[in-house]
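Asks: If you scroll down you'll find the structure; I have some questions about it.
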Amino acid sequence: MLRSLSRAAAQKHGARWARGSGSQVGVPQHVVDLRSDTVTKPGPAMRRAMAEAVIGDDDYGKDPTVRELQEKAAELLGVEQTLLVPTNTMASLLSLICHCRRQGSQVLLGQESHLHIYEQGVAQIAGVHSHPVPDLPQDTLDLNELERMITRGLGSPYHLVCELICLENTHNSSGPVLSIDYLRQVCLLAQRYEVRVHLDGARLMNAAAALRMPPTRIVEHCDSVSLCFSRGLDVPVGSLVGGPKDFIKEAWCLQKALGGGMRQAGVLAVAALEGLAEAEEVLPRDQQDAQRFARGLQDLASPFCSVDLSTVETNVVMVRLAGLPPEELCRRLRAVGADEVARTGQAVRVLLLPWTQRSVRAVWHRDVSARDTELALRKWALVLRQLGS
């Protein structure tokens with residue numbers, strides 16, 4: 001019975017894919033998916049590695065591949081230990097709870113940070129008050145404002161005590177990389193007031209690639225770090241949290257309490273090892289393609305959109321819009337008409353998501369080739385010409 005249901009589901013999804021991948025105008029569609037670097041799928045080599053992984057029960061600490069990943073990641077990040085967890089949201093939540101000892105303590109973070117906007121556990125589960133600080137143009141937080149918020153709670157019966165500063169590198173809504181000098185300044189400020197620093201490094205490997213330095217140079221200025229494997233590394237599931245041994249020991253206990261303990265997790269750990277092994281080659285290529293696209297889009301000199309080239313340092317391109325709703329642009333980019341096929345001989349669909357009321361975000365990853373980048377730019381040019389006519 002279950003076998004027949006599985007076959008029926010596979011046939012249904014396969015038929016749906018076949019219908020969606022064709023074109024009503026008789027030309028096969030080519031899809032360039034720039035919605036996020038989380039849309040990647042494991043390649044043949046990674047799938048083979050997952051199928052052949054040496055596994056054990058990680059809940060008992062007996063999965064050799066998980067241990068190998070955690071040891072290699074600790075060396076890569078320059079921390080004492082790391083812990084494999086299902087998601088980066090859990091990695092951040094574990095870090096918050098471990099750092100913020102008193103109920104109702106305060107964490108300072110960017111008002112557009114992923115942790116503040118998209119992750120609900122800060123108040124609901126951790127019992128921590130998050131105070132959002134305005135993000136500056138290069139995605140930094142004002143040092144004077146951080147110090148003001150920290151000192152306001154010292155000895156005050158009215159204000160919360162700040163125990164943690166959370167930084168995001170790189171930021172989810174743009175590509176600039178936090179400089180080593182800035183990280184050092186935040187670290188010194190935090191140490192002055194005995195406040196800890198957590199780095200949301202979901203795209204830490206992109207930051208390291210852009211700075212052309214090992215991740216250890218970035219992480220050394222923080223008390224803990226998270227790293228996501230499913231962003232740009234082709235891995236289907238998994239993140240790491242890293243820090244001192246006592247910190248990771250407590251995080252392991254909390255992971256169990258939150259339902260994040262895993263059994264034969266080596267199938268995920270080996271995928272992460274494969275992704276890390278290829279990161280040095282793949283991520284710079286993604287960033288070069290993103291920068292080439294940004295320059296090409298800016299060269300179109302359209303009144304409807306623009307890109308600040310100084311912010312395109314990694315694989316994320318933020319496109320500002322004027323007089324054009326983001327939803328309308330996304331609809332036009334993913335649509336294919338007979339006139340497009342007649343003019344170009346191709347049917348290209350570019351997938352994007354509206355980001356704000358006046359912007360869209362495009363993210364490069366290993367499933368977007370140099371040719372895909374060129375096709376996306378041509379499709380964008382076609383849509384902008386149609387809007388201007």
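In the structure tokens, each chain is lettered A, B, ... as it comes, each chain's residues begin at 1, and ligands are numbered from 1 in order of appearance.
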DSSP on the backbone, then: every residue of segment 53-188 of chain A marked strand (DSSP E or B), written as number ranges by chain.
Replies: A: 81-85, 106-110, 129-133, 135, 141, 162-168
Asks: May I have the selected residues written with N, CA and C atoms, as an mmCIF file, in the first residue's frame?
Replies:
data_model
loop_
_atom_site.group_PDB
_atom_site.id
_atom_site.type_symbol
_atom_site.label_atom_id
_atom_site.label_comp_id
_atom_site.auth_asym_id
_atom_site.auth_seq_id
_atom_site.Cartn_x
_atom_site.Cartn_y
_atom_site.Cartn_z
ATOM 1 N N GLN A 81 35.214 23.931 19.378
ATOM 2 C CA GLN A 81 34.322 22.849 18.971
ATOM 3 C C GLN A 81 33.181 23.397 18.121
ATOM 4 N N THR A 82 32.553 22.497 17.365
ATOM 5 C CA THR A 82 31.346 22.850 16.620
ATOM 6 C C THR A 82 30.295 21.769 16.856
ATOM 7 N N LEU A 83 29.062 22.113 16.505
ATOM 8 C CA LEU A 83 27.936 21.199 16.674
ATOM 9 C C LEU A 83 27.061 21.268 15.435
ATOM 10 N N LEU A 84 26.794 20.104 14.825
ATOM 11 C CA LEU A 84 25.910 20.038 13.665
ATOM 12 C C LEU A 84 24.458 20.109 14.122
ATOM 13 N N VAL A 85 23.701 21.034 13.540
ATOM 14 C CA VAL A 85 22.282 21.198 13.866
ATOM 15 C C VAL A 85 21.485 21.251 12.566
ATOM 16 N N GLN A 106 18.889 41.532 27.210
ATOM 17 C CA GLN A 106 18.748 42.204 25.920
ATOM 18 C C GLN A 106 19.842 41.810 24.941
ATOM 19 N N VAL A 107 19.452 41.651 23.684
ATOM 20 C CA VAL A 107 20.401 41.417 22.608
ATOM 21 C C VAL A 107 20.268 42.547 21.605
ATOM 22 N N LEU A 108 21.387 43.084 21.155
ATOM 23 C CA LEU A 108 21.407 44.143 20.157
ATOM 24 C C LEU A 108 21.687 43.526 18.794
ATOM 25 N N LEU A 109 20.912 43.908 17.801
ATOM 26 C CA LEU A 109 21.060 43.344 16.459
ATOM 27 C C LEU A 109 20.497 44.306 15.430
ATOM 28 N N GLY A 110 20.824 44.094 14.161
ATOM 29 C CA GLY A 110 20.363 44.981 13.103
ATOM 30 C C GLY A 110 18.868 44.864 12.867
ATOM 31 N N HIS A 129 14.915 39.885 25.068
ATOM 32 C CA HIS A 129 14.391 41.067 24.379
ATOM 33 C C HIS A 129 15.385 41.509 23.309
ATOM 34 N N SER A 130 14.929 41.566 22.075
ATOM 35 C CA SER A 130 15.812 42.029 20.996
ATOM 36 C C SER A 130 15.578 43.508 20.750
ATOM 37 N N HIS A 131 16.664 44.258 20.772
ATOM 38 C CA HIS A 131 16.584 45.690 20.477
ATOM 39 C C HIS A 131 17.206 45.929 19.106
ATOM 40 N N PRO A 132 16.391 46.248 18.082
ATOM 41 C CA PRO A 132 16.941 46.463 16.740
ATOM 42 C C PRO A 132 17.637 47.808 16.617
ATOM 43 N N VAL A 133 18.812 47.779 16.020
ATOM 44 C CA VAL A 133 19.608 48.976 15.770
ATOM 45 C C VAL A 133 19.602 49.238 14.265
ATOM 46 N N ASP A 135 20.427 49.637 10.510
ATOM 47 C CA ASP A 135 21.556 49.186 9.700
ATOM 48 C C ASP A 135 22.112 50.363 8.899
ATOM 49 N N LEU A 141 26.539 48.302 12.214
ATOM 50 C CA LEU A 141 25.742 48.941 13.258
ATOM 51 C C LEU A 141 26.594 50.037 13.882
ATOM 52 N N CYS A 162 22.152 44.442 28.623
ATOM 53 C CA CYS A 162 22.566 43.857 27.343
ATOM 54 C C CYS A 162 23.630 42.796 27.600
ATOM 55 N N GLU A 163 23.389 41.608 27.071
ATOM 56 C CA GLU A 163 24.358 40.523 27.216
ATOM 57 C C GLU A 163 24.967 40.077 25.899
ATOM 58 N N LEU A 164 24.401 40.521 24.775
ATOM 59 C CA LEU A 164 24.863 39.976 23.502
ATOM 60 C C LEU A 164 24.666 40.973 22.373
ATOM 61 N N ILE A 165 25.649 41.007 21.470
ATOM 62 C CA ILE A 165 25.540 41.716 20.196
ATOM 63 C C ILE A 165 25.563 40.674 19.096
ATOM 64 N N CYS A 166 24.611 40.747 18.186
ATOM 65 C CA CYS A 166 24.563 39.812 17.053
ATOM 66 C C CYS A 166 24.882 40.556 15.761
ATOM 67 N N LEU A 167 25.847 40.061 15.035
ATOM 68 C CA LEU A 167 26.210 40.599 13.735
ATOM 69 C C LEU A 167 25.868 39.575 12.666
ATOM 70 N N GLU A 168 25.682 40.032 11.438
ATOM 71 C CA GLU A 168 25.370 39.142 10.311
ATOM 72 C C GLU A 168 26.364 39.401 9.180
#
Asks: Would you mind listing what lies within 6 Å of segment 316-320 of chain A as a PyMOL selection string, with only C-alpha atoms counted and same-chain residues fewer than 5 positions away left out?
Replies: chain A and resi 174-175+305-307+358-363
Asks: Save the residues we just selected, all heavy atoms, as a compact mmCIF listing (two decimals), in the first residue's frame?
Replies:
# COMPACT_ATOMS: atom_id res chain seq x y z
N SER A 174 21.70 42.11 1.37
CA SER A 174 22.65 42.77 0.47
C SER A 174 23.98 42.03 0.55
O SER A 174 24.12 41.06 1.28
CB SER A 174 22.84 44.25 0.84
OG SER A 174 23.23 44.38 2.17
N GLY A 175 24.95 42.51 -0.22
CA GLY A 175 26.19 41.76 -0.33
C GLY A 175 27.41 42.27 0.37
O GLY A 175 28.42 41.56 0.42
N CYS A 305 15.29 50.89 -13.05
CA CYS A 305 16.06 50.15 -12.05
C CYS A 305 17.51 50.60 -12.03
O CYS A 305 18.02 51.13 -13.01
CB CYS A 305 15.97 48.64 -12.30
SG CYS A 305 16.68 48.11 -13.86
N SER A 306 18.15 50.36 -10.89
CA SER A 306 19.57 50.72 -10.74
C SER A 306 20.21 49.83 -9.68
O SER A 306 19.52 49.24 -8.84
CB SER A 306 19.71 52.19 -10.34
OG SER A 306 19.09 52.43 -9.08
N VAL A 307 21.53 49.76 -9.74
CA VAL A 307 22.31 48.95 -8.80
C VAL A 307 23.46 49.79 -8.27
O VAL A 307 24.15 50.47 -9.04
CB VAL A 307 22.86 47.68 -9.47
CG1 VAL A 307 23.72 46.89 -8.48
CG2 VAL A 307 21.74 46.81 -10.02
N ARG A 358 10.35 48.66 -3.01
CA ARG A 358 11.08 49.33 -4.09
C ARG A 358 12.34 48.57 -4.49
O ARG A 358 13.28 49.17 -5.02
CB ARG A 358 11.45 50.76 -3.68
CG ARG A 358 10.24 51.67 -3.46
CD ARG A 358 10.66 53.08 -3.10
NE ARG A 358 9.52 53.95 -2.88
CZ ARG A 358 9.60 55.23 -2.53
NH1 ARG A 358 10.82 55.77 -2.33
NH2 ARG A 358 8.52 55.96 -2.37
N SER A 359 12.37 47.30 -4.26
CA SER A 359 13.58 46.55 -4.64
C SER A 359 13.28 45.07 -4.84
O SER A 359 12.29 44.54 -4.33
CB SER A 359 14.68 46.71 -3.58
OG SER A 359 14.30 46.07 -2.38
N VAL A 360 14.16 44.43 -5.59
CA VAL A 360 14.18 42.98 -5.71
C VAL A 360 15.60 42.51 -5.43
O VAL A 360 16.55 43.26 -5.59
CB VAL A 360 13.74 42.50 -7.12
CG1 VAL A 360 12.29 42.85 -7.38
CG2 VAL A 360 14.64 43.08 -8.21
N ARG A 361 15.70 41.25 -4.98
CA ARG A 361 17.01 40.68 -4.67
C ARG A 361 17.28 39.51 -5.60
O ARG A 361 16.42 38.66 -5.82
CB ARG A 361 17.04 40.20 -3.22
CG ARG A 361 18.42 39.74 -2.76
CD ARG A 361 18.35 39.08 -1.38
NE ARG A 361 17.77 37.75 -1.43
CZ ARG A 361 17.86 36.85 -0.45
NH1 ARG A 361 18.49 37.16 0.67
NH2 ARG A 361 17.30 35.67 -0.57
N ALA A 362 18.49 39.47 -6.15
CA ALA A 362 18.93 38.34 -6.99
C ALA A 362 20.14 37.70 -6.33
O ALA A 362 21.07 38.41 -5.92
CB ALA A 362 19.27 38.82 -8.40
N VAL A 363 20.14 36.38 -6.22
CA VAL A 363 21.20 35.67 -5.51
C VAL A 363 21.80 34.60 -6.43
O VAL A 363 21.06 33.77 -6.97
CB VAL A 363 20.68 35.02 -4.22
CG1 VAL A 363 21.85 34.43 -3.43
CG2 VAL A 363 19.93 36.04 -3.37
Asks: Calculated over only C-alpha atoms, which of the candidates A:Leu96, A:Leu268, A:Val54, A:Ala335 has the smallest distance to Asp234 of chain A?
Replies: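 Closest to Asp234 of chain A of all the choices is A:Leu268.
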Asks: Between A:Ala342, A:Val350, A:Val336, A:Ala376, single out the one closest to Ala294 of chain A, counting only C-alpha atoms.
Replies: A:Ala376
Asks: Using only C-alpha atoms, find each residue in segment 182-215 of chain A having at least one atom no more than 12 Å away from segment 26-49 of chain A; report its shortest atom-to-atom pair and that distance in Å (one decimal), rows by chain then rising number, as a tab-separated table.
Replies:
residue	atom	partner	partner_atom	distance
A:Ala202	CA	A:Thr38	CA	10.9
A:Arg203	CA	A:Asp37	CA	9.7
A:Asn206	CA	A:Asp37	CA	11.1
Asks: Mind checking which residues fall within 12 Å of Asp286 of chain A, counting only C-alpha atoms, ignoring those fewer than 6 positions away in the same chain, and posting them as a compact mmCIF listing (two decimals) with all heavy atoms, in the first residue's frame?
Replies:
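Listed below is the output, selection_33.txt:
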# COMPACT_ATOMS: atom_id res chain seq x y z
N LEU A 34 16.97 32.84 -9.47
CA LEU A 34 17.77 33.75 -8.66
C LEU A 34 17.07 34.13 -7.36
O LEU A 34 17.42 35.12 -6.73
CB LEU A 34 18.08 35.03 -9.47
CG LEU A 34 18.85 34.84 -10.78
CD1 LEU A 34 18.98 36.17 -11.52
CD2 LEU A 34 20.22 34.24 -10.52
N ASP A 37 20.08 31.42 -2.73
CA ASP A 37 21.08 30.36 -2.86
C ASP A 37 20.69 29.13 -2.05
O ASP A 37 21.49 28.20 -1.89
CB ASP A 37 22.47 30.86 -2.46
CG ASP A 37 22.48 31.63 -1.15
OD1 ASP A 37 21.42 31.73 -0.51
OD2 ASP A 37 23.55 32.14 -0.77
N MET A 205 31.08 31.78 4.37
CA MET A 205 32.04 31.36 3.36
C MET A 205 32.07 32.34 2.19
O MET A 205 33.12 32.53 1.56
CB MET A 205 31.72 29.95 2.87
CG MET A 205 31.75 28.89 3.97
SD MET A 205 33.29 28.88 4.91
CE MET A 205 34.44 28.36 3.64
N ASN A 206 30.94 32.98 1.88
CA ASN A 206 30.93 34.03 0.86
C ASN A 206 31.73 35.23 1.31
O ASN A 206 32.46 35.85 0.53
CB ASN A 206 29.50 34.46 0.54
CG ASN A 206 28.71 33.38 -0.16
OD1 ASN A 206 28.00 32.60 0.47
ND2 ASN A 206 28.81 33.32 -1.48
N ALA A 209 35.39 34.38 1.02
CA ALA A 209 35.81 34.39 -0.39
C ALA A 209 36.00 35.82 -0.89
O ALA A 209 36.95 36.11 -1.63
CB ALA A 209 34.79 33.65 -1.25
N ALA A 210 35.11 36.72 -0.48
CA ALA A 210 35.21 38.11 -0.93
C ALA A 210 36.43 38.80 -0.31
O ALA A 210 37.10 39.60 -0.97
CB ALA A 210 33.94 38.87 -0.56
N GLY A 232 24.21 28.19 -0.81
CA GLY A 232 25.30 28.30 -1.76
C GLY A 232 26.25 27.13 -1.80
O GLY A 232 27.13 27.09 -2.66
N LEU A 233 26.12 26.17 -0.87
CA LEU A 233 27.05 25.04 -0.84
C LEU A 233 26.41 23.76 -1.35
O LEU A 233 26.99 22.68 -1.23
CB LEU A 233 27.58 24.83 0.58
CG LEU A 233 28.41 25.99 1.16
CD1 LEU A 233 28.86 25.67 2.58
CD2 LEU A 233 29.62 26.29 0.28
N ALA A 279 33.87 24.81 -1.95
CA ALA A 279 33.52 26.22 -1.74
C ALA A 279 34.57 27.17 -2.30
O ALA A 279 34.25 28.20 -2.90
CB ALA A 279 33.32 26.49 -0.25
N GLU A 280 35.84 26.83 -2.13
CA GLU A 280 36.92 27.72 -2.57
C GLU A 280 36.90 27.94 -4.07
O GLU A 280 37.30 29.00 -4.56
CB GLU A 280 38.27 27.14 -2.13
CG GLU A 280 39.43 28.11 -2.29
CD GLU A 280 40.71 27.56 -1.70
OE1 GLU A 280 40.65 26.58 -0.94
OE2 GLU A 280 41.78 28.13 -2.00
N ARG A 292 29.25 40.65 -12.60
CA ARG A 292 29.10 40.88 -14.04
C ARG A 292 27.66 41.25 -14.39
O ARG A 292 27.41 42.14 -15.20
CB ARG A 292 29.53 39.65 -14.83
CG ARG A 292 29.64 39.93 -16.34
CD ARG A 292 30.31 38.81 -17.11
NE ARG A 292 29.41 37.70 -17.33
CZ ARG A 292 29.47 36.52 -16.72
NH1 ARG A 292 30.41 36.30 -15.81
NH2 ARG A 292 28.63 35.57 -17.00
N PHE A 293 26.71 40.58 -13.76
CA PHE A 293 25.30 40.90 -13.97
C PHE A 293 25.01 42.32 -13.51
O PHE A 293 24.32 43.08 -14.21
CB PHE A 293 24.42 39.91 -13.21
CG PHE A 293 22.95 40.26 -13.27
CD1 PHE A 293 22.17 39.84 -14.32
CD2 PHE A 293 22.37 41.00 -12.26
CE1 PHE A 293 20.82 40.16 -14.38
CE2 PHE A 293 21.02 41.33 -12.30
CZ PHE A 293 20.25 40.90 -13.36
N VAL A 312 27.99 45.35 -4.28
CA VAL A 312 27.99 43.98 -4.83
C VAL A 312 29.36 43.37 -4.61
O VAL A 312 30.22 43.39 -5.48
CB VAL A 312 27.59 43.99 -6.32
CG1 VAL A 312 27.45 42.55 -6.83
CG2 VAL A 312 26.29 44.74 -6.53
N GLU A 313 29.57 42.83 -3.43
CA GLU A 313 30.85 42.24 -3.08
C GLU A 313 30.78 40.71 -3.07
O GLU A 313 31.82 40.05 -3.15
CB GLU A 313 31.30 42.73 -1.70
CG GLU A 313 31.54 44.24 -1.65
CD GLU A 313 32.00 44.69 -0.28
OE1 GLU A 313 32.39 43.82 0.54
OE2 GLU A 313 31.96 45.90 0.00
N THR A 314 29.59 40.16 -2.94
CA THR A 314 29.46 38.71 -2.87
C THR A 314 28.48 38.23 -3.93
O THR A 314 28.51 38.69 -5.06
CB THR A 314 29.04 38.26 -1.47
OG1 THR A 314 27.78 38.87 -1.13
CG2 THR A 314 30.08 38.68 -0.44
N ASN A 315 27.59 37.31 -3.56
CA ASN A 315 26.68 36.69 -4.54
C ASN A 315 25.30 37.30 -4.53
O ASN A 315 24.37 36.75 -5.14
CB ASN A 315 26.56 35.19 -4.26
CG ASN A 315 25.97 34.89 -2.89
OD1 ASN A 315 26.23 35.59 -1.91
ND2 ASN A 315 25.19 33.83 -2.80
N VAL A 316 25.10 38.42 -3.83
CA VAL A 316 23.79 39.04 -3.70
C VAL A 316 23.78 40.38 -4.43
O VAL A 316 24.69 41.20 -4.25
CB VAL A 316 23.41 39.26 -2.22
CG1 VAL A 316 22.04 39.92 -2.10
CG2 VAL A 316 23.43 37.93 -1.47
N VAL A 317 22.75 40.58 -5.27
CA VAL A 317 22.58 41.84 -5.99
C VAL A 317 21.22 42.42 -5.62
O VAL A 317 20.18 41.79 -5.86
CB VAL A 317 22.66 41.65 -7.51
CG1 VAL A 317 22.44 42.99 -8.23
CG2 VAL A 317 24.00 41.05 -7.90
N ALA A 362 18.49 39.47 -6.15
CA ALA A 362 18.93 38.34 -6.99
C ALA A 362 20.14 37.70 -6.33
O ALA A 362 21.07 38.41 -5.92
CB ALA A 362 19.27 38.82 -8.40
N VAL A 363 20.14 36.38 -6.22
CA VAL A 363 21.20 35.67 -5.51
C VAL A 363 21.80 34.60 -6.43
O VAL A 363 21.06 33.77 -6.97
CB VAL A 363 20.68 35.02 -4.22
CG1 VAL A 363 21.85 34.43 -3.43
CG2 VAL A 363 19.93 36.04 -3.37
N TRP A 364 23.11 34.62 -6.55
CA TRP A 364 23.82 33.65 -7.40
C TRP A 364 24.25 32.44 -6.59
O TRP A 364 24.52 32.53 -5.39
CB TRP A 364 25.03 34.30 -8.07
CG TRP A 364 24.67 34.85 -9.41
CD1 TRP A 364 25.00 34.35 -10.63
CD2 TRP A 364 23.84 36.00 -9.66
NE1 TRP A 364 24.42 35.11 -11.62
CE2 TRP A 364 23.72 36.12 -11.06
CE3 TRP A 364 23.19 36.92 -8.85
CZ2 TRP A 364 22.98 37.13 -11.66
CZ3 TRP A 364 22.44 37.92 -9.44
CH2 TRP A 364 22.34 38.03 -10.83
N HIS A 365 24.30 31.30 -7.26
CA HIS A 365 24.69 30.04 -6.62
C HIS A 365 25.21 29.10 -7.70
O HIS A 365 25.22 29.43 -8.89
CB HIS A 365 23.51 29.43 -5.88
CG HIS A 365 22.23 29.40 -6.68
ND1 HIS A 365 21.97 28.44 -7.63
CD2 HIS A 365 21.17 30.25 -6.71
CE1 HIS A 365 20.79 28.67 -8.18
NE2 HIS A 365 20.29 29.77 -7.65
N ARG A 366 25.61 27.90 -7.30
CA ARG A 366 26.29 27.01 -8.24
C ARG A 366 25.38 26.47 -9.33
O ARG A 366 25.86 25.92 -10.32
CB ARG A 366 26.96 25.86 -7.49
CG ARG A 366 26.00 24.91 -6.80
CD ARG A 366 26.79 23.79 -6.13
NE ARG A 366 27.67 24.34 -5.11
CZ ARG A 366 28.73 23.69 -4.64
NH1 ARG A 366 29.03 22.49 -5.08
NH2 ARG A 366 29.48 24.24 -3.70
N ASP A 367 24.07 26.59 -9.18
CA ASP A 367 23.15 26.16 -10.23
C ASP A 367 22.90 27.24 -11.27
O ASP A 367 22.10 27.06 -12.18
CB ASP A 367 21.82 25.71 -9.62
CG ASP A 367 21.94 24.37 -8.90
OD1 ASP A 367 23.00 23.73 -9.04
OD2 ASP A 367 20.99 23.99 -8.19
N VAL A 368 23.57 28.39 -11.12
CA VAL A 368 23.46 29.49 -12.10
C VAL A 368 24.83 29.66 -12.75
O VAL A 368 25.78 30.09 -12.11
CB VAL A 368 23.01 30.80 -11.43
CG1 VAL A 368 22.94 31.92 -12.46
CG2 VAL A 368 21.66 30.62 -10.75
N SER A 369 24.90 29.32 -14.03
CA SER A 369 26.17 29.37 -14.75
C SER A 369 26.42 30.75 -15.35
O SER A 369 25.56 31.64 -15.27
CB SER A 369 26.15 28.33 -15.88
OG SER A 369 25.16 28.67 -16.84
N ALA A 370 27.59 30.90 -15.96
CA ALA A 370 27.89 32.16 -16.66
C ALA A 370 26.90 32.38 -17.80
O ALA A 370 26.47 33.51 -18.05
CB ALA A 370 29.32 32.12 -17.19
N ASP A 372 23.80 31.22 -17.87
CA ASP A 372 22.54 31.60 -17.22
C ASP A 372 22.54 33.09 -16.89
O ASP A 372 21.53 33.78 -17.04
CB ASP A 372 22.33 30.80 -15.94
CG ASP A 372 22.07 29.33 -16.20
OD1 ASP A 372 21.51 29.01 -17.26
OD2 ASP A 372 22.44 28.51 -15.35
N THR A 373 23.67 33.57 -16.41
CA THR A 373 23.78 34.99 -16.06
C THR A 373 23.56 35.86 -17.28
O THR A 373 22.86 36.88 -17.21
CB THR A 373 25.17 35.26 -15.45
OG1 THR A 373 25.35 34.43 -14.30
CG2 THR A 373 25.33 36.72 -15.07
Asks: If DSSP is run on the backbone, what residues of segment 11-212 of chain A are helix (DSSP H, G or I)? A reply as a PyMOL selection string would be ideal.
Replies: chain A and resi 11-21+44-51+58-60+64-77+88-99+114-117+121-124+143-152+180-192+204-211
Asks: Do you have the atom CA of Arg67 of chain A-atom CA of Phe229 of chain A distance handy?
Replies: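 These atoms are spaced 16.0 Å apart.
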